$ cat query_36.tsv   # TSV, C-alpha atoms and all ligand atoms
chain	number	residue	atom	x	y	z
A	1	MET	CA	-80.05	-7.77	-79.11
A	2	ASP	CA	-81.20	-9.37	-82.29
A	3	PRO	CA	-78.34	-11.30	-83.97
A	4	SER	CA	-79.04	-9.67	-87.34
A	5	ASP	CA	-78.96	-6.19	-85.72
A	6	ALA	CA	-75.69	-7.12	-84.10
A	7	ARG	CA	-74.23	-8.20	-87.42
A	8	ARG	CA	-75.40	-4.98	-89.10
A	9	ILE	CA	-73.98	-2.81	-86.32
A	10	LEU	CA	-70.60	-4.56	-86.56
A	11	GLU	CA	-70.38	-4.02	-90.29
A	12	GLU	CA	-71.48	-0.37	-89.97
A	13	GLU	CA	-68.94	0.23	-87.22
A	14	ARG	CA	-66.19	-1.36	-89.25
A	15	GLY	CA	-66.76	1.18	-92.04
A	16	ARG	CA	-67.61	4.18	-89.81
A	17	GLY	CA	-64.69	3.49	-87.45
A	18	ARG	CA	-62.15	3.17	-90.26
A	19	ALA	CA	-63.35	6.42	-91.83
A	20	LEU	CA	-63.22	8.33	-88.52
A	21	ILE	CA	-59.80	6.98	-87.62
A	22	GLY	CA	-58.46	7.87	-91.06
A	23	ARG	CA	-59.73	11.44	-90.69
A	24	ALA	CA	-58.11	12.07	-87.26
A	25	GLY	CA	-55.69	14.94	-87.88
A	26	SER	CA	-53.77	14.85	-84.62
A	27	ILE	CA	-52.87	12.47	-81.81
A	28	GLU	CA	-55.45	14.18	-79.56
A	29	GLU	CA	-58.19	13.82	-82.16
A	30	LEU	CA	-57.21	10.18	-82.69
A	31	ASP	CA	-57.53	9.48	-78.94
A	32	ARG	CA	-61.03	10.99	-78.93
A	33	THR	CA	-61.99	8.96	-82.00
A	34	LYS	CA	-60.65	5.79	-80.37
A	35	THR	CA	-62.91	6.36	-77.34
A	36	GLY	CA	-65.90	6.87	-79.63
A	37	VAL	CA	-65.20	3.78	-81.77
A	38	LEU	CA	-63.69	1.33	-79.27
A	39	GLY	CA	-64.60	2.78	-75.84
A	40	ARG	CA	-67.03	1.34	-73.29
A	41	LYS	CA	-70.02	3.19	-74.80
A	42	ALA	CA	-69.10	2.46	-78.44
A	43	PRO	CA	-71.65	0.42	-80.49
A	44	VAL	CA	-69.11	-2.40	-80.96
A	45	SER	CA	-68.70	-2.64	-77.19
A	46	GLU	CA	-72.50	-2.86	-76.78
A	47	VAL	CA	-72.59	-5.74	-79.26
A	48	GLN	CA	-69.76	-7.42	-77.39
A	49	ARG	CA	-71.64	-7.15	-74.09
A	50	SER	CA	-74.83	-8.61	-75.61
A	51	ILE	CA	-73.15	-11.74	-77.02
A	52	GLY	CA	-73.49	-13.61	-73.76
A	53	SER	CA	-77.29	-13.44	-73.97
A	54	LEU	CA	-77.50	-14.76	-77.56
A	55	PRO	CA	-78.46	-18.31	-78.47
A	56	GLU	CA	-75.55	-20.74	-78.40
A	57	ASN	CA	-75.33	-21.17	-82.19
A	58	GLU	CA	-75.19	-17.40	-82.85
A	59	ARG	CA	-72.80	-16.71	-80.01
A	60	ARG	CA	-69.73	-18.29	-81.57
A	61	GLU	CA	-70.11	-16.68	-84.99
A	62	LEU	CA	-70.90	-13.19	-83.66
A	63	GLY	CA	-68.08	-13.46	-81.10
A	64	ARG	CA	-65.65	-14.20	-83.88
A	65	LEU	CA	-66.98	-11.32	-86.02
A	66	THR	CA	-66.85	-8.89	-83.05
A	67	ASN	CA	-63.25	-9.80	-82.30
A	68	GLU	CA	-62.37	-9.39	-85.95
A	69	VAL	CA	-63.88	-5.89	-86.11
A	70	LEU	CA	-62.27	-4.88	-82.81
A	71	ALA	CA	-58.85	-6.11	-83.91
A	72	GLU	CA	-59.19	-4.36	-87.25
A	73	LEU	CA	-60.18	-1.04	-85.67
A	74	ARG	CA	-57.39	-1.27	-83.04
A	75	ALA	CA	-54.87	-1.95	-85.81
A	76	GLU	CA	-56.24	1.04	-87.74
A	77	VAL	CA	-55.84	3.26	-84.67
A	78	GLU	CA	-52.21	2.20	-84.22
A	79	ASN	CA	-51.44	2.68	-87.91
A	80	ARG	CA	-52.92	6.13	-87.85
A	81	ARG	CA	-51.03	6.93	-84.63
A	82	ALA	CA	-47.77	5.92	-86.24
A	83	GLU	CA	-48.57	8.09	-89.24
A	84	LEU	CA	-49.39	11.11	-87.08
A	85	GLU	CA	-46.27	10.71	-84.95
A	86	GLY	CA	-44.15	10.39	-88.05
A	87	GLY	CA	-45.87	13.49	-89.33
A	88	ALA	CA	-45.08	15.35	-86.13
A	89	ASP	CA	-41.43	14.35	-86.52
A	90	ALA	CA	-41.45	15.39	-90.13
A	91	GLU	CA	-42.98	18.72	-89.14
A	92	LEU	CA	-40.23	19.26	-86.56
A	93	LEU	CA	-37.63	18.26	-89.07
A	94	SER	CA	-38.94	20.63	-91.68
A	95	ALA	CA	-39.10	23.48	-89.16
A	96	ASP	CA	-35.49	22.74	-88.24
A	97	ALA	CA	-34.33	22.16	-91.74
A	98	VAL	CA	-31.40	24.08	-93.14
A	99	ASP	CA	-32.03	25.51	-96.53
A	100	VAL	CA	-28.67	24.93	-98.13
A	101	THR	CA	-29.65	27.10	-101.08
A	102	LEU	CA	-29.97	30.26	-98.94
A	103	PRO	CA	-27.02	32.64	-99.05
A	104	GLY	CA	-25.04	32.22	-95.82
A	105	ARG	CA	-24.86	34.76	-93.03
A	106	ARG	CA	-21.32	36.08	-93.18
A	107	PRO	CA	-19.44	35.67	-89.92
A	108	ARG	CA	-18.43	39.12	-88.79
A	109	PRO	CA	-14.69	39.49	-88.54
A	110	GLY	CA	-13.51	41.00	-85.28
A	111	SER	CA	-10.87	43.67	-85.14
A	112	PHE	CA	-7.98	44.54	-82.93
A	113	HIS	CA	-8.50	47.32	-80.43
A	114	PRO	CA	-6.90	50.57	-81.65
A	115	LEU	CA	-4.60	50.57	-78.61
A	116	THR	CA	-3.46	47.03	-79.45
A	117	LEU	CA	-2.83	48.08	-83.05
A	118	VAL	CA	-0.68	51.01	-81.97
A	119	GLU	CA	1.13	49.04	-79.27
A	120	ASP	CA	1.96	46.21	-81.68
A	121	ARG	CA	3.17	48.67	-84.27
A	122	MET	CA	5.40	50.48	-81.79
A	123	VAL	CA	6.82	47.31	-80.30
A	124	ASP	CA	7.45	46.01	-83.80
A	125	VAL	CA	9.49	49.10	-84.69
A	126	PHE	CA	11.73	48.64	-81.66
A	127	THR	CA	12.13	44.87	-81.87
A	128	ARG	CA	13.32	45.35	-85.45
A	129	MET	CA	15.97	47.71	-84.05
A	130	GLY	CA	17.11	44.89	-81.77
A	131	TYR	CA	15.16	45.64	-78.63
A	132	ARG	CA	13.73	42.82	-76.54
A	133	VAL	CA	10.25	42.97	-74.94
A	134	ALA	CA	10.25	43.03	-71.12
A	135	GLU	CA	7.29	42.86	-68.78
A	136	GLY	CA	6.67	43.61	-65.13
A	137	PRO	CA	3.87	43.36	-62.57
A	138	GLU	CA	1.05	45.91	-62.52
A	139	ILE	CA	1.05	45.95	-58.72
A	140	GLU	CA	4.44	47.32	-57.73
A	141	ASP	CA	6.31	48.08	-54.55
A	142	GLU	CA	7.50	51.60	-53.77
A	143	TRP	CA	11.12	50.65	-54.38
A	144	HIS	CA	10.60	49.74	-58.04
A	145	ASN	CA	7.96	52.38	-58.71
A	146	PHE	CA	9.63	55.31	-56.93
A	147	GLU	CA	12.83	54.96	-54.90
A	148	ALA	CA	14.96	53.13	-57.43
A	149	LEU	CA	13.77	55.61	-60.08
A	150	ASN	CA	15.14	58.47	-58.00
A	151	ILE	CA	11.67	59.74	-57.12
A	152	PRO	CA	12.11	61.22	-53.62
A	153	LEU	CA	9.74	60.67	-50.73
A	154	ASP	CA	8.33	64.18	-50.94
A	155	HIS	CA	7.59	63.92	-54.68
A	156	PRO	CA	3.91	64.71	-55.36
A	157	ALA	CA	3.53	61.54	-57.44
A	158	ARG	CA	3.96	59.48	-54.29
A	159	THR	CA	0.91	60.84	-52.50
A	160	MET	CA	-2.43	59.06	-52.42
A	161	LYS	CA	-3.71	61.94	-54.49
A	162	ASP	CA	-1.88	60.79	-57.61
A	163	SER	CA	-1.23	57.10	-56.97
A	164	LEU	CA	-3.56	54.21	-56.41
A	165	TYR	CA	-2.33	52.25	-53.41
A	166	VAL	CA	-3.62	48.77	-52.68
A	167	ASP	CA	-4.38	47.66	-49.12
A	168	VAL	CA	-0.97	46.05	-48.68
A	169	PRO	CA	1.49	48.52	-47.10
A	170	GLY	CA	4.00	49.90	-49.62
A	171	MET	CA	2.26	48.41	-52.66
A	172	LEU	CA	0.53	50.36	-55.39
A	173	LEU	CA	-0.70	50.07	-58.97
A	174	ARG	CA	2.32	51.13	-61.01
A	175	THR	CA	2.16	54.75	-62.11
A	176	GLU	CA	4.65	54.26	-64.97
A	177	THR	CA	6.08	51.36	-66.88
A	178	SER	CA	9.46	52.76	-65.76
A	179	ALA	CA	9.40	50.24	-62.92
A	180	VAL	CA	10.22	47.62	-65.57
A	181	GLN	CA	13.51	49.44	-66.23
A	182	ILE	CA	14.56	48.71	-62.67
A	183	ARG	CA	13.38	45.10	-62.73
A	184	THR	CA	15.24	44.50	-65.99
A	185	MET	CA	18.53	45.99	-64.75
A	186	GLU	CA	18.22	44.11	-61.47
A	187	SER	CA	17.86	40.84	-63.34
A	188	GLN	CA	20.66	41.28	-65.87
A	189	GLY	CA	23.90	43.13	-66.46
A	190	PRO	CA	24.54	45.58	-69.31
A	191	PRO	CA	24.09	45.96	-72.20
A	192	VAL	CA	20.30	46.39	-72.02
A	193	TYR	CA	17.96	47.12	-74.90
A	194	VAL	CA	14.34	46.58	-73.88
A	195	VAL	CA	10.88	47.93	-74.54
A	196	ALA	CA	8.18	47.36	-71.95
A	197	PRO	CA	4.62	47.82	-73.11
A	198	GLY	CA	1.95	47.76	-70.44
A	199	ARG	CA	-0.83	49.25	-68.38
A	200	THR	CA	-0.30	51.99	-65.83
A	201	TYR	CA	-2.64	53.61	-63.30
A	202	ARG	CA	-3.25	57.10	-61.95
A	203	HIS	CA	-5.69	58.51	-59.49
A	204	ASP	CA	-7.67	60.78	-61.78
A	205	THR	CA	-11.18	61.73	-62.80
A	206	PRO	CA	-11.82	60.37	-66.29
A	207	ASP	CA	-12.68	62.93	-68.95
A	208	ALA	CA	-11.81	63.47	-72.62
A	209	THR	CA	-8.08	63.70	-71.90
A	210	HIS	CA	-7.66	61.99	-68.51
A	211	GLY	CA	-8.06	58.38	-67.57
A	212	THR	CA	-7.26	56.21	-64.59
A	213	VAL	CA	-5.81	53.43	-66.72
A	214	PHE	CA	-3.54	54.10	-69.64
A	215	HIS	CA	-0.86	52.35	-71.62
A	216	GLN	CA	2.78	53.07	-72.21
A	217	VAL	CA	5.66	51.66	-74.11
A	218	GLU	CA	8.75	52.15	-72.02
A	219	GLY	CA	12.15	51.97	-73.67
A	220	LEU	CA	15.55	51.52	-72.08
A	221	ALA	CA	18.99	51.26	-73.61
A	222	VAL	CA	22.10	50.98	-71.44
A	223	ASP	CA	25.52	50.31	-72.87
A	224	GLU	CA	29.02	51.72	-73.00
A	225	GLY	CA	29.21	55.06	-74.77
A	226	ILE	CA	25.50	55.73	-75.28
A	227	SER	CA	24.87	59.43	-75.81
A	228	PHE	CA	22.01	61.85	-76.23
A	229	ALA	CA	22.59	61.65	-79.98
A	230	ASP	CA	21.70	57.94	-79.85
A	231	LEU	CA	18.44	58.80	-78.11
A	232	ARG	CA	17.63	61.37	-80.74
A	233	GLY	CA	18.50	59.02	-83.58
A	234	THR	CA	16.43	56.21	-82.10
A	235	LEU	CA	13.38	58.41	-81.61
A	236	GLU	CA	13.71	59.88	-85.09
A	237	ALA	CA	13.82	56.41	-86.58
A	238	PHE	CA	10.78	55.47	-84.52
A	239	ALA	CA	8.81	58.58	-85.51
A	240	ARG	CA	9.56	58.05	-89.20
A	241	GLU	CA	8.41	54.44	-89.03
A	242	LEU	CA	5.20	55.46	-87.32
A	243	PHE	CA	4.28	58.74	-89.01
A	244	GLY	CA	6.17	58.79	-92.29
A	245	THR	CA	9.67	59.41	-93.60
A	246	ASN	CA	9.39	63.22	-93.56
A	247	THR	CA	8.71	63.33	-89.84
A	248	ARG	CA	11.04	65.57	-87.83
A	249	VAL	CA	11.67	65.35	-84.10
A	250	ARG	CA	11.88	68.27	-81.69
A	251	MET	CA	13.30	67.91	-78.20
A	252	THR	CA	12.73	70.48	-75.48
A	253	PRO	CA	14.18	70.31	-71.97
A	254	ASP	CA	11.95	68.81	-69.31
A	255	TYR	CA	12.38	67.32	-65.88
A	256	PHE	CA	11.76	63.73	-64.81
A	257	PRO	CA	13.52	62.51	-61.66
A	258	PHE	CA	14.89	59.35	-63.30
A	259	VAL	CA	16.63	61.04	-66.23
A	260	GLU	CA	19.29	63.76	-66.54
A	261	PRO	CA	18.99	65.59	-68.81
A	262	GLY	CA	15.32	65.01	-69.58
A	263	CYS	CA	13.27	66.19	-72.49
A	264	GLN	CA	9.82	66.38	-73.96
A	265	VAL	CA	9.71	65.04	-77.48
A	266	ALA	CA	7.42	66.32	-80.21
A	267	VAL	CA	7.13	65.16	-83.81
A	268	SER	CA	6.27	67.31	-86.80
A	269	CYS	CA	2.58	66.93	-87.64
A	270	PHE	CA	1.99	64.19	-90.22
A	271	VAL	CA	-1.17	65.92	-91.41
A	272	CYS	CA	0.18	69.40	-92.20
A	273	ASP	CA	3.91	68.59	-92.15
A	274	GLY	CA	4.53	71.25	-89.52
A	275	ALA	CA	2.50	74.10	-91.02
A	276	GLY	CA	-0.15	74.01	-88.29
A	277	CYS	CA	-3.60	72.45	-88.48
A	278	ARG	CA	-6.59	71.25	-86.46
A	279	VAL	CA	-4.77	68.10	-85.31
A	280	CYS	CA	-1.55	69.72	-84.09
A	281	GLY	CA	-2.26	73.41	-83.59
A	282	ASN	CA	1.30	74.72	-84.06
A	283	GLY	CA	2.74	72.08	-86.34
A	284	TRP	CA	4.18	69.85	-83.58
A	285	ILE	CA	2.62	66.94	-81.73
A	286	GLU	CA	3.96	66.31	-78.23
A	287	LEU	CA	4.42	62.60	-78.02
A	288	LEU	CA	6.61	61.42	-75.19
A	289	GLY	CA	9.05	62.06	-72.42
A	290	ALA	CA	12.66	60.86	-72.56
A	291	GLY	CA	16.16	61.47	-71.30
A	292	MET	CA	19.51	60.03	-70.29
A	293	VAL	CA	19.16	57.54	-67.45
A	294	HIS	CA	20.09	59.27	-64.18
A	295	PRO	CA	23.38	57.87	-62.78
A	296	LYS	CA	21.64	57.22	-59.46
A	297	VAL	CA	19.15	54.94	-61.20
A	298	LEU	CA	21.99	52.93	-62.74
A	299	GLU	CA	23.72	52.70	-59.37
A	300	ASN	CA	20.48	51.65	-57.66
A	301	CYS	CA	20.53	48.61	-59.92
A	302	GLY	CA	24.20	47.87	-59.32
A	303	TYR	CA	25.47	49.26	-62.62
A	304	ASP	CA	28.75	51.16	-62.87
A	305	SER	CA	27.57	54.65	-63.84
A	306	GLU	CA	31.10	55.70	-64.75
A	307	ARG	CA	31.34	53.02	-67.40
A	308	TYR	CA	27.75	52.75	-68.60
A	309	THR	CA	25.30	55.34	-69.81
A	310	GLY	CA	21.84	54.92	-71.21
A	311	PHE	CA	18.63	56.55	-72.31
A	312	ALA	CA	15.02	55.90	-71.49
A	313	PHE	CA	11.72	57.00	-72.94
A	314	GLY	CA	8.05	56.50	-72.17
A	315	ILE	CA	5.50	56.79	-74.95
A	316	GLY	CA	1.78	57.03	-74.18
A	317	ILE	CA	-0.06	54.54	-76.37
A	318	GLU	CA	-3.37	56.40	-76.02
A	319	ARG	CA	-1.64	59.60	-77.08
A	320	VAL	CA	-0.23	58.02	-80.22
A	321	ALA	CA	-3.56	56.32	-81.03
A	322	MET	CA	-5.47	59.62	-80.61
A	323	VAL	CA	-3.07	61.41	-82.95
A	324	ARG	CA	-2.81	58.60	-85.46
A	325	TYR	CA	-6.55	57.87	-85.73
A	326	GLY	CA	-7.89	61.35	-84.98
A	327	VAL	CA	-9.67	60.26	-81.79
A	328	ASN	CA	-10.56	63.24	-79.62
A	329	ASP	CA	-11.91	61.53	-76.50
A	330	LEU	CA	-9.87	59.10	-74.42
A	331	ARG	CA	-13.01	57.45	-73.08
A	332	LEU	CA	-13.80	55.96	-76.47
A	333	PHE	CA	-10.92	53.54	-75.91
A	334	VAL	CA	-12.50	52.01	-72.82
A	335	GLU	CA	-16.23	52.19	-73.50
A	336	GLY	CA	-16.27	49.14	-75.78
A	337	ASP	CA	-18.73	50.76	-78.19
A	338	VAL	CA	-18.89	48.49	-81.25
A	339	ARG	CA	-19.66	51.46	-83.53
A	340	PHE	CA	-16.28	52.90	-82.56
A	341	LEU	CA	-14.33	49.65	-82.53
A	342	GLU	CA	-15.64	48.31	-85.85
A	343	GLN	CA	-14.01	51.24	-87.63
A	344	PHE	CA	-10.68	49.55	-86.98
A	345	GLU	CA	-11.62	46.40	-88.89
A	346	GLY	CA	-8.80	45.55	-91.24
A	347	VAL	CA	-6.60	48.39	-89.97
A	348	ALA	CA	-2.98	47.40	-89.59
B	1	ZN	ZN	-0.77	69.65	-88.24
$ encode --input "query_36.tsv" --output "structure tokens"
Amino acid sequence: MDPSDARRILEEERGRGRALIGRAGSIEELDRTKTGVLGRKAPVSEVQRSIGSLPENERRELGRLTNEVLAELRAEVENRRAELEGGADAELLSADAVDVTLPGRRPRPGSFHPLTLVEDRMVDVFTRMGYRVAEGPEIEDEWHNFEALNIPLDHPARTMKDSLYVDVPGMLLRTETSAVQIRTMESQGPPVYVVAPGRTYRHDTPDATHGTVFHQVEGLAVDEGISFADLRGTLEAFARELFGTNTRVRMTPDYFPFVEPGCQVAVSCFVCDGAGCRVCGNGWIELLGAGMVHPKVLENCGYDSERYTGFAFGIGIERVAMVRYGVNDLRLFVEGDVRFLEQFEGVA
């Protein structure tokens, strides 16, 4: 190669290379440009290879110039690379950026489940009357669930048809929270004033009014001189707290093995005040079962039934929630449908 050609090529490549490198818009494009400007087949590389065959006096000067151009172009490539990488970072940053001027997305407040709302409300009414909250296991033995509650062996509730037995002999999912009555009296002497909220289980086919799992608040009061009038007064106070001060209570005789006498308790409808409407039908809403604790139940727990008397009641939480919130299908409580549940936001 002619030394003057070599000099010209080096100067051209210095300008062309810098321009190409500066125009590379991405790391990939820069790598391709680098191959074209500095690679084995690049004009600068050809000049470099030809230096060895040049006359001695030209060799030194052209060698120096070649190295200068190569170093300059390599430095340009690295500068451009740094710029592009910084740009890529900046691009990522801007894609990730938080626009602090945008209005925020409001966090959605959750809400309590309607059954929790009703349970809390009911328990609150009784604890303010001086009752204590008691709890018991959901898997019970037959003693606490049946025998101690005066439910005889041939009682239909004890068959597999109505109860859900577990695969441990004599153990079942409790069919009532009444079992907690027994556990409480076994663990302490009188007087007793407890409410026991909790889950109970029945063998049933779920539909609008039947479920396999439902909730109760059980109440038990045992003391000297407790009478049926105390039961009535307590339930009236409860009904007024829950449904309004005009609420009246109606008691009709009913049979439950663990109480004597037993009764079904209805409250006057809070919608029509007893006149009769779509919610109640005849003006009364059947709400719970209650009665005076059967002497046998007291004796089963070691209480002196001559000295102590008591009353007990079991209130279905689903029943109260359906009445209170106008829910007509029990299944809504267990389906977890947000459209249903969000209606209880802010409800107390
Ligand atoms: Zn009514």
$ residues_near_ligand --input "query_36.tsv" --ligand "ligand ZN 1 (chain B)" --cutoff "7 Å" --atoms "all atoms listed in the file" --output "MDAnalysis selection string"
chainID A and resid 269:284
$ closest_residue --input "query_36.tsv" --among "A:Leu70, A:Phe112, A:Asp89, A:Gly310" --to "Ala229 of chain A" --atoms "all atoms listed in the file"
A:Gly310
$ residues_around --input "query_36.tsv" --residues "segment 210-218 of chain A" --least-positions-apart "4" --cutoff "9 Å" --atoms "all atoms listed in the file" --output "PDB file with C-alpha atoms, in the coordinates of the input"
ATOM      1  CA  LEU A 115      -4.600  50.570 -78.610  1.00  0.00           C
ATOM      2  CA  GLU A 119       1.130  49.040 -79.270  1.00  0.00           C
ATOM      3  CA  MET A 122       5.400  50.480 -81.790  1.00  0.00           C
ATOM      4  CA  VAL A 123       6.820  47.310 -80.300  1.00  0.00           C
ATOM      5  CA  GLU A 176       4.650  54.260 -64.970  1.00  0.00           C
ATOM      6  CA  THR A 177       6.080  51.360 -66.880  1.00  0.00           C
ATOM      7  CA  SER A 178       9.460  52.760 -65.760  1.00  0.00           C
ATOM      8  CA  VAL A 180      10.220  47.620 -65.570  1.00  0.00           C
ATOM      9  CA  GLN A 181      13.510  49.440 -66.230  1.00  0.00           C
ATOM     10  CA  VAL A 194      14.340  46.580 -73.880  1.00  0.00           C
ATOM     11  CA  VAL A 195      10.880  47.930 -74.540  1.00  0.00           C
ATOM     12  CA  ALA A 196       8.180  47.360 -71.950  1.00  0.00           C
ATOM     13  CA  PRO A 197       4.620  47.820 -73.110  1.00  0.00           C
ATOM     14  CA  GLY A 198       1.950  47.760 -70.440  1.00  0.00           C
ATOM     15  CA  ARG A 199      -0.830  49.250 -68.380  1.00  0.00           C
ATOM     16  CA  THR A 200      -0.300  51.990 -65.830  1.00  0.00           C
ATOM     17  CA  TYR A 201      -2.640  53.610 -63.300  1.00  0.00           C
ATOM     18  CA  ARG A 202      -3.250  57.100 -61.950  1.00  0.00           C
ATOM     19  CA  HIS A 203      -5.690  58.510 -59.490  1.00  0.00           C
ATOM     20  CA  ASP A 204      -7.670  60.780 -61.780  1.00  0.00           C
ATOM     21  CA  THR A 205     -11.180  61.730 -62.800  1.00  0.00           C
ATOM     22  CA  PRO A 206     -11.820  60.370 -66.290  1.00  0.00           C
ATOM     23  CA  ALA A 312      15.020  55.900 -71.490  1.00  0.00           C
ATOM     24  CA  PHE A 313      11.720  57.000 -72.940  1.00  0.00           C
ATOM     25  CA  GLY A 314       8.050  56.500 -72.170  1.00  0.00           C
ATOM     26  CA  ILE A 315       5.500  56.790 -74.950  1.00  0.00           C
ATOM     27  CA  GLY A 316       1.780  57.030 -74.180  1.00  0.00           C
ATOM     28  CA  ILE A 317      -0.060  54.540 -76.370  1.00  0.00           C
ATOM     29  CA  GLU A 318      -3.370  56.400 -76.020  1.00  0.00           C
ATOM     30  CA  LEU A 330      -9.870  59.100 -74.420  1.00  0.00           C
ATOM     31  CA  ARG A 331     -13.010  57.450 -73.080  1.00  0.00           C
TER      32      ARG A 331
END
$ residues_around --input "query_36.tsv" --residues "Phe243 of chain A" --least-positions-apart "6" --cutoff "12 Å" --atoms "only C-alpha atoms" --output "list in words"
Val118, Arg121, Met122, Val125, Leu235, Glu236, Ala237, Val249, Val267, Ser268, Cys269, Phe270, Val271, Cys272, Asp273, Ile285, Leu287, Val320, Ala321, Val323, Arg324 and Tyr325 of chain A
$ residues_around --input "query_36.tsv" --residues "Met292 of chain A" --least-positions-apart "3" --cutoff "7 Å" --atoms "only C-alpha atoms" --output "list in words"
Phe228, Val259, Glu260, Pro261, Gly262, Gly310, Phe311 and Ala312 of chain A
$ closest_residue --input "query_36.tsv" --among "A:Pro190, A:Pro257, A:Gly25, A:Gly233" --to "Cys301 of chain A" --atoms "all atoms listed in the file"
A:Pro190
$ atom_distance --input "query_36.tsv" --atom1 "atom CA of Ile151 of chain A" --atom2 "atom CA of Thr175 of chain A"
11.8 Å
$ closest_residue --input "query_36.tsv" --among "A:Pro114, A:Thr234, A:Met171, A:Gly130" --to "Arg319 of chain A" --atoms "only C-alpha atoms"
A:Pro114
$ residues_near_point --input "query_36.tsv" --point "(-76.6, -4.3, -75.0)" --cutoff "12 Å" --atoms "all atoms listed in the file" --output "ChimeraX atom specification"
/A:1-3,5-6,9,40-54
$ closest_residue --input "query_36.tsv" --among "A:Leu341, A:Leu38, A:Arg32, A:Val100" --to "Glu13 of chain A" --atoms "all atoms listed in the file"
A:Leu38
$ axis_aligned_box --input "query_36.tsv" --around "segment 209-213 of chain A" --padding-each-side "6 Å" --output "lines of an AutoDock Vina configuration file"
center_x = -6.9
center_y = 58.6
center_z = -68.2
size_x = 14.3
size_y = 22.3
size_z = 19.3
$ atom_distance --input "query_36.tsv" --atom1 "atom CA of Arg23 of chain A" --atom2 "atom CA of Leu10 of chain A"
19.8 Å
$ closest_residue --input "query_36.tsv" --among "A:Gly219, A:Ser305, A:Ala208, A:Met185" --to "Met322 of chain A" --atoms "all atoms listed in the file"
A:Ala208
